$ cat final.csv   # CSV, C-alpha atoms
chain,number,residue,atom,x,y,z
X,1023,MET,CA,-174.6,45.2,-128.2
X,1024,THR,CA,-177.6,44.2,-126.1
X,1025,ALA,CA,-181.1,44.3,-127.6
X,1026,HIS,CA,-183.5,47.0,-126.5
X,1027,ILE,CA,-186.1,45.7,-124.0
X,1028,PRO,CA,-189.2,47.8,-123.5
X,1029,PRO,CA,-190.0,48.9,-120.0
X,1030,VAL,CA,-192.4,46.6,-118.2
X,1031,ARG,CA,-194.9,47.2,-115.4
X,1032,ARG,CA,-193.6,45.9,-112.1
X,1033,TRP,CA,-195.7,43.9,-109.6
X,1034,THR,CA,-195.3,46.8,-107.1
X,1035,GLU,CA,-197.0,49.3,-109.4
X,1036,GLN,CA,-200.6,50.3,-108.5
X,1037,PRO,CA,-203.5,49.9,-110.9
X,1038,PRO,CA,-204.5,53.3,-112.4
X,1039,LEU,CA,-207.0,55.3,-110.2
X,1040,ARG,CA,-209.0,56.5,-113.2
X,1041,ARG,CA,-210.3,53.0,-114.0
X,1042,THR,CA,-211.3,52.6,-110.3
X,1043,LEU,CA,-213.3,55.9,-110.4
X,1044,LEU,CA,-215.0,54.9,-113.6
X,1045,VAL,CA,-216.1,51.6,-112.1
X,1046,LEU,CA,-217.3,53.3,-109.0
X,1047,LEU,CA,-219.3,55.7,-111.1
X,1048,ALA,CA,-220.7,53.0,-113.2
X,1049,THR,CA,-221.8,51.1,-110.1
X,1050,LEU,CA,-223.1,54.0,-108.2
X,1051,VAL,CA,-225.4,55.6,-110.8
X,1052,PRO,CA,-227.6,52.6,-111.5
X,1053,THR,CA,-227.7,51.3,-107.9
X,1054,ALA,CA,-228.5,54.7,-106.5
X,1055,ALA,CA,-231.2,55.2,-109.1
X,1056,ILE,CA,-232.7,51.8,-108.2
X,1057,GLY,CA,-232.5,52.7,-104.5
X,1058,LEU,CA,-234.2,56.1,-104.9
X,1059,TRP,CA,-236.9,54.6,-106.9
X,1060,GLY,CA,-237.5,52.0,-104.2
X,1061,VAL,CA,-237.6,54.7,-101.5
X,1062,TYR,CA,-240.1,56.9,-103.2
X,1063,ALA,CA,-242.2,53.8,-104.2
X,1064,ALA,CA,-242.4,52.6,-100.6
X,1065,PRO,CA,-245.0,53.8,-98.1
X,1066,GLU,CA,-244.0,57.1,-96.3
X,1067,SER,CA,-243.6,55.3,-92.9
X,1068,PHE,CA,-240.9,53.0,-94.4
X,1069,ARG,CA,-239.0,55.5,-96.4
X,1070,VAL,CA,-236.4,56.6,-93.8
X,1071,PRO,CA,-235.2,53.1,-92.8
X,1072,LEU,CA,-235.4,52.0,-96.4
X,1073,ALA,CA,-233.3,55.0,-97.4
X,1074,TRP,CA,-230.7,54.1,-94.8
X,1075,GLY,CA,-230.6,50.5,-95.9
X,1076,ALA,CA,-230.5,51.3,-99.6
X,1077,GLY,CA,-227.6,53.8,-99.0
X,1078,ALA,CA,-225.7,51.2,-97.0
X,1079,GLY,CA,-226.3,48.6,-99.7
X,1080,VAL,CA,-225.2,51.0,-102.5
X,1081,LEU,CA,-222.1,51.9,-100.6
X,1082,ALA,CA,-221.2,48.2,-99.9
X,1083,LEU,CA,-221.8,47.3,-103.5
X,1084,CYS,CA,-219.5,50.2,-104.8
X,1085,VAL,CA,-216.8,49.3,-102.3
X,1086,THR,CA,-217.0,45.6,-103.4
X,1087,ALA,CA,-216.8,46.5,-107.0
X,1088,ALA,CA,-213.8,48.8,-106.5
X,1089,LEU,CA,-212.0,46.1,-104.4
X,1090,ALA,CA,-212.8,43.5,-107.0
X,1091,LEU,CA,-211.4,45.7,-109.8
X,1092,ARG,CA,-208.2,46.5,-107.8
X,1093,PHE,CA,-207.7,42.8,-107.0
X,1094,ARG,CA,-208.2,41.8,-110.7
X,1095,ASP,CA,-205.7,44.5,-111.8
X,1096,ARG,CA,-203.2,43.4,-109.2
X,1097,THR,CA,-203.6,39.8,-110.2
X,1098,GLU,CA,-203.0,40.7,-113.8
X,1099,LEU,CA,-199.9,42.6,-112.9
X,1100,LEU,CA,-198.6,39.5,-111.0
X,1101,ARG,CA,-199.3,37.2,-113.9
X,1102,GLU,CA,-197.5,39.6,-116.2
X,1103,ARG,CA,-194.5,39.6,-114.0
X,1104,VAL,CA,-194.5,35.8,-113.7
X,1105,ARG,CA,-194.6,35.6,-117.5
X,1106,GLU,CA,-191.7,38.1,-117.7
X,1107,LEU,CA,-189.6,36.0,-115.3
X,1108,GLU,CA,-190.4,32.8,-117.1
X,1109,ALA,CA,-189.4,34.4,-120.4
X,1110,ALA,CA,-186.1,35.8,-118.9
X,1111,GLU,CA,-185.3,32.3,-117.5
X,1112,ARG,CA,-185.9,30.7,-120.9
X,1113,ARG,CA,-183.6,33.3,-122.6
X,1114,LEU,CA,-181.0,32.6,-119.9
X,1115,SER,CA,-181.0,28.9,-120.4
X,1116,GLU,CA,-181.7,28.7,-124.2
X,1117,GLU,CA,-179.7,31.8,-125.5
X,1118,HIS,CA,-177.3,33.4,-123.0
X,1119,VAL,CA,-175.8,30.3,-121.5
X,1120,PRO,CA,-175.2,28.3,-124.8
X,1121,ALA,CA,-173.8,31.4,-126.4
X,1122,LEU,CA,-171.5,32.0,-123.5
X,1123,VAL,CA,-170.3,28.4,-123.5
X,1124,THR,CA,-169.6,28.6,-127.2
X,1125,ARG,CA,-167.5,31.7,-126.8
X,1126,LEU,CA,-165.6,30.2,-123.9
X,1127,ARG,CA,-164.8,27.1,-125.9
X,1128,GLU,CA,-163.3,29.3,-128.5
X,1129,SER,CA,-160.5,30.0,-126.0
X,1130,THR,CA,-161.8,33.5,-125.2
X,1131,SER,CA,-161.6,35.0,-121.7
X,1132,ALA,CA,-164.6,35.3,-119.4
X,1133,ASP,CA,-164.8,39.1,-119.8
X,1134,THR,CA,-164.5,38.9,-123.6
X,1135,ALA,CA,-167.2,36.2,-123.8
X,1136,LEU,CA,-169.6,38.1,-121.6
X,1137,ALA,CA,-169.0,41.3,-123.6
X,1138,SER,CA,-169.8,39.5,-126.9
X,1139,ILE,CA,-173.2,38.2,-125.9
X,1140,GLU,CA,-176.6,39.7,-125.0
X,1141,GLN,CA,-176.8,40.4,-121.3
X,1142,PRO,CA,-179.9,39.5,-119.2
X,1143,GLU,CA,-182.0,42.4,-117.9
X,1144,SER,CA,-182.0,41.1,-114.3
X,1145,PRO,CA,-179.0,42.1,-112.2
X,1146,ALA,CA,-179.2,38.7,-110.4
X,1147,GLN,CA,-179.1,36.8,-113.7
X,1148,ARG,CA,-176.2,38.9,-114.8
X,1149,ALA,CA,-174.3,38.0,-111.6
X,1150,VAL,CA,-175.1,34.3,-112.1
X,1151,LEU,CA,-174.0,34.5,-115.7
X,1152,ARG,CA,-170.7,36.1,-114.7
X,1153,HIS,CA,-170.0,33.5,-112.0
X,1154,PHE,CA,-170.8,30.8,-114.5
X,1155,ALA,CA,-168.5,32.3,-117.1
X,1156,GLU,CA,-165.6,32.5,-114.6
X,1157,GLU,CA,-166.1,28.9,-113.5
X,1158,ILE,CA,-166.3,27.6,-117.1
X,1159,GLY,CA,-163.4,29.7,-118.1
X,1160,ARG,CA,-161.2,28.2,-115.3
X,1161,SER,CA,-162.4,24.7,-116.3
X,1162,GLU,CA,-161.6,25.3,-120.0
X,1163,THR,CA,-158.2,26.6,-119.1
X,1164,ALA,CA,-157.5,23.6,-116.9
X,1165,ARG,CA,-158.7,21.3,-119.7
X,1166,ALA,CA,-156.5,23.0,-122.3
X,1167,SER,CA,-153.5,22.7,-120.0
X,1168,ALA,CA,-154.2,19.0,-119.4
X,1169,MET,CA,-154.6,18.3,-123.1
X,1170,SER,CA,-151.4,20.1,-123.8
X,1171,ALA,CA,-149.5,18.1,-121.2
X,1172,CYS,CA,-150.9,14.9,-122.6
X,1173,ALA,CA,-149.9,15.9,-126.1
X,1174,ASN,CA,-146.4,16.7,-125.0
X,1175,ALA,CA,-146.1,13.4,-123.2
X,1176,ALA,CA,-147.5,11.6,-126.2
X,1177,GLY,CA,-145.0,13.3,-128.5
X,1178,ARG,CA,-142.1,12.1,-126.2
X,1179,MET,CA,-143.5,8.6,-126.2
X,1180,GLN,CA,-143.8,8.6,-130.0
X,1181,ALA,CA,-140.2,9.7,-130.3
X,1182,MET,CA,-139.0,7.0,-127.9
X,1183,ALA,CA,-141.0,4.3,-129.7
X,1184,THR,CA,-139.7,5.4,-133.1
X,1185,GLY,CA,-136.1,5.4,-131.8
X,1186,MET,CA,-136.5,2.0,-130.2
X,1187,LEU,CA,-138.0,0.5,-133.4
X,1188,ALA,CA,-135.0,1.9,-135.3
X,1189,ASP,CA,-132.6,0.4,-132.8
X,1190,LEU,CA,-134.3,-3.0,-132.8
X,1191,ARG,CA,-134.4,-3.2,-136.6
X,1192,ALA,CA,-130.7,-2.4,-136.7
X,1193,MET,CA,-130.1,-5.2,-134.3
X,1194,GLU,CA,-132.2,-7.5,-136.4
X,1195,HIS,CA,-129.9,-6.9,-139.3
X,1196,ARG,CA,-126.8,-7.5,-137.2
X,1197,HIS,CA,-127.8,-10.8,-135.5
X,1198,ALA,CA,-128.3,-14.0,-137.4
X,1199,ASP,CA,-128.9,-16.3,-134.4
X,1200,PRO,CA,-132.5,-17.6,-134.7
X,1201,ASP,CA,-133.3,-17.4,-131.0
X,1202,VAL,CA,-131.9,-13.8,-130.7
X,1203,LEU,CA,-133.8,-12.8,-133.8
X,1204,THR,CA,-137.0,-14.2,-132.5
X,1205,ASP,CA,-136.7,-12.2,-129.3
X,1206,LEU,CA,-135.8,-9.1,-131.2
X,1207,LEU,CA,-138.9,-9.5,-133.4
X,1208,HIS,CA,-141.0,-10.0,-130.3
X,1209,LEU,CA,-139.7,-6.8,-128.8
X,1210,ASP,CA,-140.2,-5.0,-132.2
X,1211,HIS,CA,-143.8,-6.0,-132.2
X,1212,ARG,CA,-144.4,-5.0,-128.6
X,1213,THR,CA,-142.7,-1.6,-129.2
X,1214,ALA,CA,-145.0,-1.1,-132.3
X,1215,GLN,CA,-148.0,-1.6,-130.0
X,1216,ALA,CA,-146.7,0.9,-127.5
X,1217,GLY,CA,-146.1,3.4,-130.4
X,1218,ARG,CA,-149.8,2.9,-131.5
X,1219,LEU,CA,-150.9,3.8,-128.0
X,1220,ALA,CA,-148.8,6.9,-128.0
X,1221,ASP,CA,-150.2,7.8,-131.4
X,1222,SER,CA,-153.8,7.3,-130.1
X,1223,ILE,CA,-153.1,9.7,-127.2
X,1224,ALA,CA,-151.7,12.2,-129.7
X,1225,VAL,CA,-154.8,11.9,-131.9
X,1226,LEU,CA,-157.2,12.5,-129.0
X,1227,THR,CA,-155.2,15.4,-127.7
X,1228,GLY,CA,-154.9,17.1,-131.1
X,1229,ALA,CA,-151.1,16.5,-131.5
X,1230,ARG,CA,-149.7,15.4,-134.9
X,1231,SER,CA,-149.0,11.9,-135.9
X,1232,GLY,CA,-145.6,10.4,-135.2
X,1233,ARG,CA,-144.7,9.4,-138.8
X,1234,ARG,CA,-145.4,10.9,-142.2
X,1235,TRP,CA,-144.9,9.6,-145.7
X,1236,ALA,CA,-143.9,11.7,-148.6
X,1237,LYS,CA,-144.9,9.2,-151.3
X,1238,PRO,CA,-148.0,7.0,-151.8
X,1239,ILE,CA,-148.0,3.7,-149.8
X,1240,VAL,CA,-149.6,0.6,-151.4
X,1241,MET,CA,-152.7,-0.8,-149.7
X,1242,GLU,CA,-151.0,-4.1,-149.0
X,1243,SER,CA,-148.3,-2.4,-147.0
X,1244,ILE,CA,-150.9,-0.3,-145.1
X,1245,LEU,CA,-152.8,-3.4,-144.1
X,1246,ARG,CA,-149.7,-5.3,-143.0
X,1247,GLY,CA,-148.5,-2.2,-141.1
X,1248,ALA,CA,-151.9,-2.1,-139.3
X,1249,MET,CA,-151.6,-5.8,-138.5
X,1250,GLY,CA,-148.1,-5.3,-137.0
X,1251,ARG,CA,-149.5,-2.9,-134.4
X,1252,ILE,CA,-151.9,-5.3,-132.7
X,1253,ALA,CA,-151.3,-8.2,-130.4
X,1254,GLY,CA,-153.5,-10.7,-132.3
X,1255,TYR,CA,-151.9,-10.1,-135.7
X,1256,GLN,CA,-151.4,-13.9,-136.3
X,1257,ARG,CA,-155.2,-14.3,-136.4
X,1258,VAL,CA,-155.8,-11.7,-139.1
X,1259,ARG,CA,-156.4,-13.0,-142.7
X,1260,LEU,CA,-156.1,-10.6,-145.6
X,1261,HIS,CA,-158.1,-11.0,-148.8
X,1262,SER,CA,-156.8,-8.2,-151.1
X,1263,ASN,CA,-155.9,-8.2,-154.7
X,1264,THR,CA,-155.8,-4.5,-155.3
X,1265,ASP,CA,-152.7,-2.6,-156.4
X,1266,VAL,CA,-153.9,0.9,-155.4
X,1267,ALA,CA,-151.9,3.1,-153.1
X,1268,ILE,CA,-152.9,5.7,-150.5
X,1269,ALA,CA,-151.7,9.3,-150.6
X,1270,GLY,CA,-148.7,9.7,-148.3
X,1271,HIS,CA,-150.3,12.4,-146.1
X,1272,ALA,CA,-153.2,10.1,-145.2
X,1273,ALA,CA,-151.4,6.8,-145.1
X,1274,GLU,CA,-150.4,6.9,-141.5
X,1275,GLY,CA,-153.8,8.0,-140.3
X,1276,ILE,CA,-155.6,5.2,-142.3
X,1277,MET,CA,-153.1,2.6,-141.1
X,1278,HIS,CA,-153.7,3.7,-137.5
X,1279,ALA,CA,-157.5,3.7,-137.9
X,1280,LEU,CA,-157.4,0.2,-139.4
X,1281,ALA,CA,-155.1,-1.0,-136.6
X,1282,GLU,CA,-157.7,0.2,-134.0
X,1283,LEU,CA,-160.5,-1.6,-135.8
X,1284,LEU,CA,-158.4,-4.8,-136.1
X,1285,ASP,CA,-157.5,-4.6,-132.5
X,1286,ASN,CA,-161.2,-4.3,-131.5
X,1287,ALA,CA,-162.1,-7.2,-133.8
X,1288,ALA,CA,-159.4,-9.5,-132.3
X,1289,ASN,CA,-160.1,-8.5,-128.7
X,1290,PHE,CA,-163.9,-9.1,-128.9
X,1291,SER,CA,-163.5,-12.5,-130.7
X,1292,PRO,CA,-162.7,-15.9,-129.2
X,1293,PRO,CA,-158.9,-16.4,-128.7
X,1294,THR,CA,-158.7,-18.9,-131.6
X,1295,ALA,CA,-161.1,-17.1,-134.0
X,1296,GLU,CA,-159.8,-15.5,-137.2
X,1297,VAL,CA,-160.4,-11.9,-138.2
X,1298,HIS,CA,-160.9,-11.5,-142.0
X,1299,VAL,CA,-160.1,-8.3,-143.9
X,1300,TYR,CA,-161.6,-7.8,-147.4
X,1301,VAL,CA,-160.7,-5.0,-149.8
X,1302,GLU,CA,-163.0,-4.0,-152.7
X,1303,GLU,CA,-162.7,-1.2,-155.2
X,1304,VAL,CA,-165.9,0.8,-155.9
X,1305,PRO,CA,-166.6,3.9,-157.9
X,1306,ALA,CA,-166.7,6.0,-154.7
X,1307,GLY,CA,-163.3,4.8,-153.5
X,1308,LEU,CA,-162.1,1.7,-151.6
X,1309,ILE,CA,-164.2,-0.4,-149.2
X,1310,ILE,CA,-162.3,-2.2,-146.4
X,1311,THR,CA,-164.4,-4.7,-144.5
X,1312,ILE,CA,-163.2,-6.2,-141.2
X,1313,GLU,CA,-165.2,-9.2,-140.0
X,1314,ASP,CA,-164.9,-11.1,-136.7
X,1315,SER,CA,-166.6,-14.1,-135.2
X,1316,GLY,CA,-167.3,-12.6,-131.8
X,1317,LEU,CA,-170.6,-11.8,-130.2
X,1318,VAL,CA,-173.3,-10.3,-132.5
X,1319,MET,CA,-173.9,-6.7,-131.5
X,1320,SER,CA,-177.4,-5.6,-131.0
X,1321,GLU,CA,-178.9,-2.8,-133.1
X,1322,THR,CA,-178.5,-0.4,-130.1
X,1323,ALA,CA,-174.9,-1.4,-129.7
X,1324,LEU,CA,-174.2,-0.9,-133.4
X,1325,ARG,CA,-175.7,2.6,-133.3
X,1326,ARG,CA,-173.7,3.4,-130.2
X,1327,ALA,CA,-170.5,2.3,-132.0
X,1328,GLU,CA,-171.4,4.5,-135.0
X,1329,ARG,CA,-172.0,7.5,-132.6
X,1330,ALA,CA,-168.6,6.8,-131.0
X,1331,VAL,CA,-166.9,7.2,-134.4
X,1332,SER,CA,-169.0,10.1,-135.6
X,1333,SER,CA,-168.9,12.3,-132.4
X,1334,ASP,CA,-166.2,14.7,-131.5
X,1335,PRO,CA,-165.3,14.1,-127.9
X,1336,ARG,CA,-163.6,17.1,-126.1
X,1337,ASP,CA,-163.8,15.7,-122.6
X,1338,LEU,CA,-161.6,12.6,-122.5
X,1339,THR,CA,-163.0,11.7,-119.0
X,1340,THR,CA,-166.1,10.4,-120.8
X,1341,LEU,CA,-164.2,7.8,-122.8
X,1342,SER,CA,-164.2,4.3,-121.4
X,1343,GLY,CA,-161.5,1.8,-122.3
X,1344,THR,CA,-163.7,0.0,-124.8
X,1345,ARG,CA,-164.5,3.2,-126.6
X,1346,LEU,CA,-161.1,4.7,-126.7
X,1347,GLY,CA,-160.2,3.1,-130.0
X,1348,LEU,CA,-163.4,4.1,-131.6
X,1349,ALA,CA,-162.9,7.7,-130.6
X,1350,VAL,CA,-159.5,7.6,-132.2
X,1351,VAL,CA,-161.0,6.1,-135.4
X,1352,GLY,CA,-163.6,8.9,-135.4
X,1353,ARG,CA,-161.0,11.6,-135.1
X,1354,LEU,CA,-158.9,10.1,-138.0
X,1355,ALA,CA,-162.1,9.5,-140.1
X,1356,ARG,CA,-163.0,13.2,-139.8
X,1357,LYS,CA,-159.4,14.3,-140.6
X,1358,HIS,CA,-159.1,12.2,-143.8
X,1359,GLY,CA,-162.7,12.1,-144.9
X,1360,LEU,CA,-163.3,8.4,-144.2
X,1361,SER,CA,-166.7,6.8,-143.7
X,1362,VAL,CA,-167.0,4.2,-141.0
X,1363,SER,CA,-170.0,2.0,-140.3
X,1364,PHE,CA,-170.9,-1.2,-138.6
X,1365,ARG,CA,-173.2,-4.2,-139.4
X,1366,PRO,CA,-173.7,-7.8,-138.3
X,1367,SER,CA,-171.1,-10.1,-139.9
X,1368,ALA,CA,-171.9,-13.2,-141.9
X,1369,ARG,CA,-169.4,-15.0,-139.7
X,1370,GLY,CA,-171.5,-14.5,-136.7
X,1371,GLY,CA,-169.8,-11.4,-135.2
X,1372,THR,CA,-169.6,-7.8,-136.3
X,1373,GLY,CA,-168.4,-6.2,-139.5
X,1374,ALA,CA,-166.7,-2.8,-139.7
X,1375,LEU,CA,-166.7,-1.1,-143.0
X,1376,VAL,CA,-164.3,1.7,-143.9
X,1377,ARG,CA,-164.7,3.7,-147.1
X,1378,ILE,CA,-161.6,5.5,-148.3
X,1379,PRO,CA,-162.6,8.4,-150.7
X,1380,GLN,CA,-161.4,8.4,-154.3
X,1381,GLU,CA,-159.3,11.5,-153.8
X,1382,LEU,CA,-156.9,9.6,-151.5
X,1383,ILE,CA,-156.3,6.8,-153.9
X,1384,THR,CA,-153.6,6.6,-156.5
X,1385,ARG,CA,-152.2,3.9,-158.8
X,1386,PRO,CA,-148.4,4.1,-158.6
X,1387,ARG,CA,-146.2,3.2,-161.5
X,1388,THR,CA,-144.1,1.1,-159.2
X,1389,THR,CA,-145.3,-0.6,-156.0
X,1390,PRO,CA,-142.4,-0.8,-153.6
X,1391,ALA,CA,-143.3,-1.9,-150.2
X,1392,PRO,CA,-141.4,0.2,-147.7
X,1393,ALA,CA,-140.5,-1.1,-144.3
X,1394,LEU,CA,-143.1,0.0,-141.8
$ encode --input "final.csv" --output "structure tokens"
Amino acid sequence: MTAHIPPVRRWTEQPPLRRTLLVLLATLVPTAAIGLWGVYAAPESFRVPLAWGAGAGVLALCVTAALALRFRDRTELLRERVRELEAAERRLSEEHVPALVTRLRESTSADTALASIEQPESPAQRAVLRHFAEEIGRSETARASAMSACANAAGRMQAMATGMLADLRAMEHRHADPDVLTDLLHLDHRTAQAGRLADSIAVLTGARSGRRWAKPIVMESILRGAMGRIAGYQRVRLHSNTDVAIAGHAAEGIMHALAELLDNAANFSPPTAEVHVYVEEVPAGLIITIEDSGLVMSETALRRAERAVSSDPRDLTTLSGTRLGLAVVGRLARKHGLSVSFRPSARGGTGALVRIPQELITRPRTTPAPAL
């Protein structure tokens, strides 16, 4: 329902005639009295020309006063109209358009979104708002279709990667030749990296993860599973003595987030530098620190990285290659309640800190390490 807007005076309206007549009267009476007094006070031979001159002066003064009043009233009407137009523009940009965009992003149609918000008073602004709604609606529909197509493709890639990993591991058990086994392990590792990429696309497009675990997974297995999904796994050094496990519904997401952070640390470090991973139990949960020896990030770069993991990107076209992994980490952190931050590392590079909340941590009676 639109709000009631009181009628306003248009710039084409004329000022009231009553005020003009009052001003004319107020000007005429004193000036005429002064003129008459001057005529009677003058010598008789000058009265007639003086009377004509005084009358003309009084008439000119009255006309000038009336015109000045009309000009002032007209100027005030124009100023009022300008203020109304400025207020209408502010409402359009600060209220109508943001409300319309919010409705459209809730997957509502253009007509439904327009009917649910307050409409501008101006017909021209209503036409602009309708055109804007139709364009944004088409854009949102195209975006949703593209995201759905990417999610479907990611799901197929996940299924293919999972099937290939199962085939490769079956072949690893059948073959004992060291050379063949080395090649199979290499293919296994490359397939795991392809599966991580498919999982990243699925996370960004809103699809579900490729694998799920019914039982808690020990932290050691999660860390090694994350290592197995990056190219530089041989440079990662684990420092963990904890025996805690992660709830099965969150294990895959945490493993994927850690793999993305490990991959960033390895890619932005010298080829021979090691990446160290520390695990510490605290009352609030579990702190995992990933430290590299790459370039020290500036304060601005650290804040930018934290914004990348805390924002919720809807438009994937704004994500560059270097920020794709951080966007995935951000999505997974919001899903599982993780806290991710960055700081300079004592090793000369950057440290990424991940806090796993206490409600996701368990201590299993037995700690089997399932094959990941």
$ residues_around --input "final.csv" --residues "segment 1124-1130 of chain X" --least-positions-apart "5" --cutoff "7 Å" --atoms "all atoms listed in the file" --output "count of residues only"
3
$ residues_near_point --input "final.csv" --point "(-133.3, -8.0, -129.0)" --cutoff "12 Å" --atoms "all atoms listed in the file" --output "list of chain:residue names"
X:Met1186, X:Leu1187, X:Ala1188, X:Asp1189, X:Leu1190, X:Arg1191, X:Ala1192, X:Met1193, X:Glu1194, X:His1195, X:Arg1196, X:His1197, X:Ala1198, X:Asp1199, X:Pro1200, X:Asp1201, X:Val1202, X:Leu1203, X:Thr1204, X:Asp1205, X:Leu1206, X:Leu1207, X:His1208, X:Leu1209, X:Asp1210, X:His1211, X:Arg1212, X:Thr1213
$ closest_residue --input "final.csv" --among "X:Arg1218, X:Arg1230, X:Lys1237, X:Arg1105" --to "Gly1250 of chain X" --atoms "all atoms listed in the file"
X:Arg1218
$ atom_distance --input "final.csv" --atom1 "atom CA of Val1119 of chain X" --atom2 "atom CA of Ala1155 of chain X"
8.8 Å
$ residues_around --input "final.csv" --residues "Arg1353 of chain X" --least-positions-apart "2" --cutoff "9 Å" --atoms "all atoms listed in the file" --output "VMD selection string"
chain X and resid 1225 to 1226 1331 to 1335 1348 to 1351 1355 to 1358
$ atom_distance --input "final.csv" --atom1 "atom CA of Ala1368 of chain X" --atom2 "atom CA of His1298 of chain X"
11.1 Å
$ residues_around --input "final.csv" --residues "segment 1281-1286 of chain X" --least-positions-apart "3" --cutoff "10 Å" --atoms "all atoms listed in the file" --output "PDB file with C-alpha atoms, in the coordinates of the input"
ATOM      1  CA  GLN X1215    -148.000  -1.600-130.000  1.00  0.00           C
ATOM      2  CA  ARG X1218    -149.800   2.900-131.500  1.00  0.00           C
ATOM      3  CA  LEU X1219    -150.900   3.800-128.000  1.00  0.00           C
ATOM      4  CA  SER X1222    -153.800   7.300-130.100  1.00  0.00           C
ATOM      5  CA  ILE X1244    -150.900  -0.300-145.100  1.00  0.00           C
ATOM      6  CA  LEU X1245    -152.800  -3.400-144.100  1.00  0.00           C
ATOM      7  CA  ARG X1246    -149.700  -5.300-143.000  1.00  0.00           C
ATOM      8  CA  GLY X1247    -148.500  -2.200-141.100  1.00  0.00           C
ATOM      9  CA  ALA X1248    -151.900  -2.100-139.300  1.00  0.00           C
ATOM     10  CA  MET X1249    -151.600  -5.800-138.500  1.00  0.00           C
ATOM     11  CA  GLY X1250    -148.100  -5.300-137.000  1.00  0.00           C
ATOM     12  CA  ARG X1251    -149.500  -2.900-134.400  1.00  0.00           C
ATOM     13  CA  ILE X1252    -151.900  -5.300-132.700  1.00  0.00           C
ATOM     14  CA  ALA X1253    -151.300  -8.200-130.400  1.00  0.00           C
ATOM     15  CA  GLY X1254    -153.500 -10.700-132.300  1.00  0.00           C
ATOM     16  CA  TYR X1255    -151.900 -10.100-135.700  1.00  0.00           C
ATOM     17  CA  VAL X1258    -155.800 -11.700-139.100  1.00  0.00           C
ATOM     18  CA  GLY X1275    -153.800   8.000-140.300  1.00  0.00           C
ATOM     19  CA  ILE X1276    -155.600   5.200-142.300  1.00  0.00           C
ATOM     20  CA  MET X1277    -153.100   2.600-141.100  1.00  0.00           C
ATOM     21  CA  HIS X1278    -153.700   3.700-137.500  1.00  0.00           C
ATOM     22  CA  ASN X1289    -160.100  -8.500-128.700  1.00  0.00           C
ATOM     23  CA  PHE X1290    -163.900  -9.100-128.900  1.00  0.00           C
ATOM     24  CA  SER X1291    -163.500 -12.500-130.700  1.00  0.00           C
ATOM     25  CA  VAL X1297    -160.400 -11.900-138.200  1.00  0.00           C
ATOM     26  CA  HIS X1298    -160.900 -11.500-142.000  1.00  0.00           C
ATOM     27  CA  VAL X1299    -160.100  -8.300-143.900  1.00  0.00           C
ATOM     28  CA  ILE X1312    -163.200  -6.200-141.200  1.00  0.00           C
ATOM     29  CA  GLU X1313    -165.200  -9.200-140.000  1.00  0.00           C
ATOM     30  CA  ASP X1314    -164.900 -11.100-136.700  1.00  0.00           C
ATOM     31  CA  THR X1344    -163.700   0.000-124.800  1.00  0.00           C
ATOM     32  CA  ARG X1345    -164.500   3.200-126.600  1.00  0.00           C
ATOM     33  CA  LEU X1346    -161.100   4.700-126.700  1.00  0.00           C
ATOM     34  CA  GLY X1347    -160.200   3.100-130.000  1.00  0.00           C
ATOM     35  CA  LEU X1348    -163.400   4.100-131.600  1.00  0.00           C
ATOM     36  CA  ALA X1349    -162.900   7.700-130.600  1.00  0.00           C
ATOM     37  CA  VAL X1350    -159.500   7.600-132.200  1.00  0.00           C
ATOM     38  CA  VAL X1351    -161.000   6.100-135.400  1.00  0.00           C
ATOM     39  CA  GLY X1373    -168.400  -6.200-139.500  1.00  0.00           C
ATOM     40  CA  ALA X1374    -166.700  -2.800-139.700  1.00  0.00           C
ATOM     41  CA  LEU X1375    -166.700  -1.100-143.000  1.00  0.00           C
ATOM     42  CA  VAL X1376    -164.300   1.700-143.900  1.00  0.00           C
TER      43      VAL X1376
END
$ residues_near_point --input "final.csv" --point "(-170.1, -11.1, -133.4)" --cutoff "7 Å" --atoms "all atoms listed in the file" --output "MDAnalysis selection string"
chainID X and resid 1314:1319 1366:1367 1370:1372
$ residues_around --input "final.csv" --residues "Gln1180 of chain X" --least-positions-apart "4" --cutoff "10 Å" --atoms "all atoms listed in the file" --output "list of chain:residue names"
X:Asn1174, X:Ala1175, X:Ala1176, X:Thr1184, X:Gly1185, X:Met1186, X:Ala1216, X:Gly1217, X:Arg1218, X:Leu1219, X:Ala1220, X:Asp1221, X:Ile1223, X:Ala1224, X:Ser1231, X:Gly1232, X:Arg1233
$ write_last_selection --input "final.csv" --atoms "C-alpha atoms" --output "PDB file, keeping the file's coordinate frame"
ATOM      1  CA  ASN X1174    -146.400  16.700-125.000  1.00  0.00           C
ATOM      2  CA  ALA X1175    -146.100  13.400-123.200  1.00  0.00           C
ATOM      3  CA  ALA X1176    -147.500  11.600-126.200  1.00  0.00           C
ATOM      4  CA  THR X1184    -139.700   5.400-133.100  1.00  0.00           C
ATOM      5  CA  GLY X1185    -136.100   5.400-131.800  1.00  0.00           C
ATOM      6  CA  MET X1186    -136.500   2.000-130.200  1.00  0.00           C
ATOM      7  CA  ALA X1216    -146.700   0.900-127.500  1.00  0.00           C
ATOM      8  CA  GLY X1217    -146.100   3.400-130.400  1.00  0.00           C
ATOM      9  CA  ARG X1218    -149.800   2.900-131.500  1.00  0.00           C
ATOM     10  CA  LEU X1219    -150.900   3.800-128.000  1.00  0.00           C
ATOM     11  CA  ALA X1220    -148.800   6.900-128.000  1.00  0.00           C
ATOM     12  CA  ASP X1221    -150.200   7.800-131.400  1.00  0.00           C
ATOM     13  CA  ILE X1223    -153.100   9.700-127.200  1.00  0.00           C
ATOM     14  CA  ALA X1224    -151.700  12.200-129.700  1.00  0.00           C
ATOM     15  CA  SER X1231    -149.000  11.900-135.900  1.00  0.00           C
ATOM     16  CA  GLY X1232    -145.600  10.400-135.200  1.00  0.00           C
ATOM     17  CA  ARG X1233    -144.700   9.400-138.800  1.00  0.00           C
TER      18      ARG X1233
END
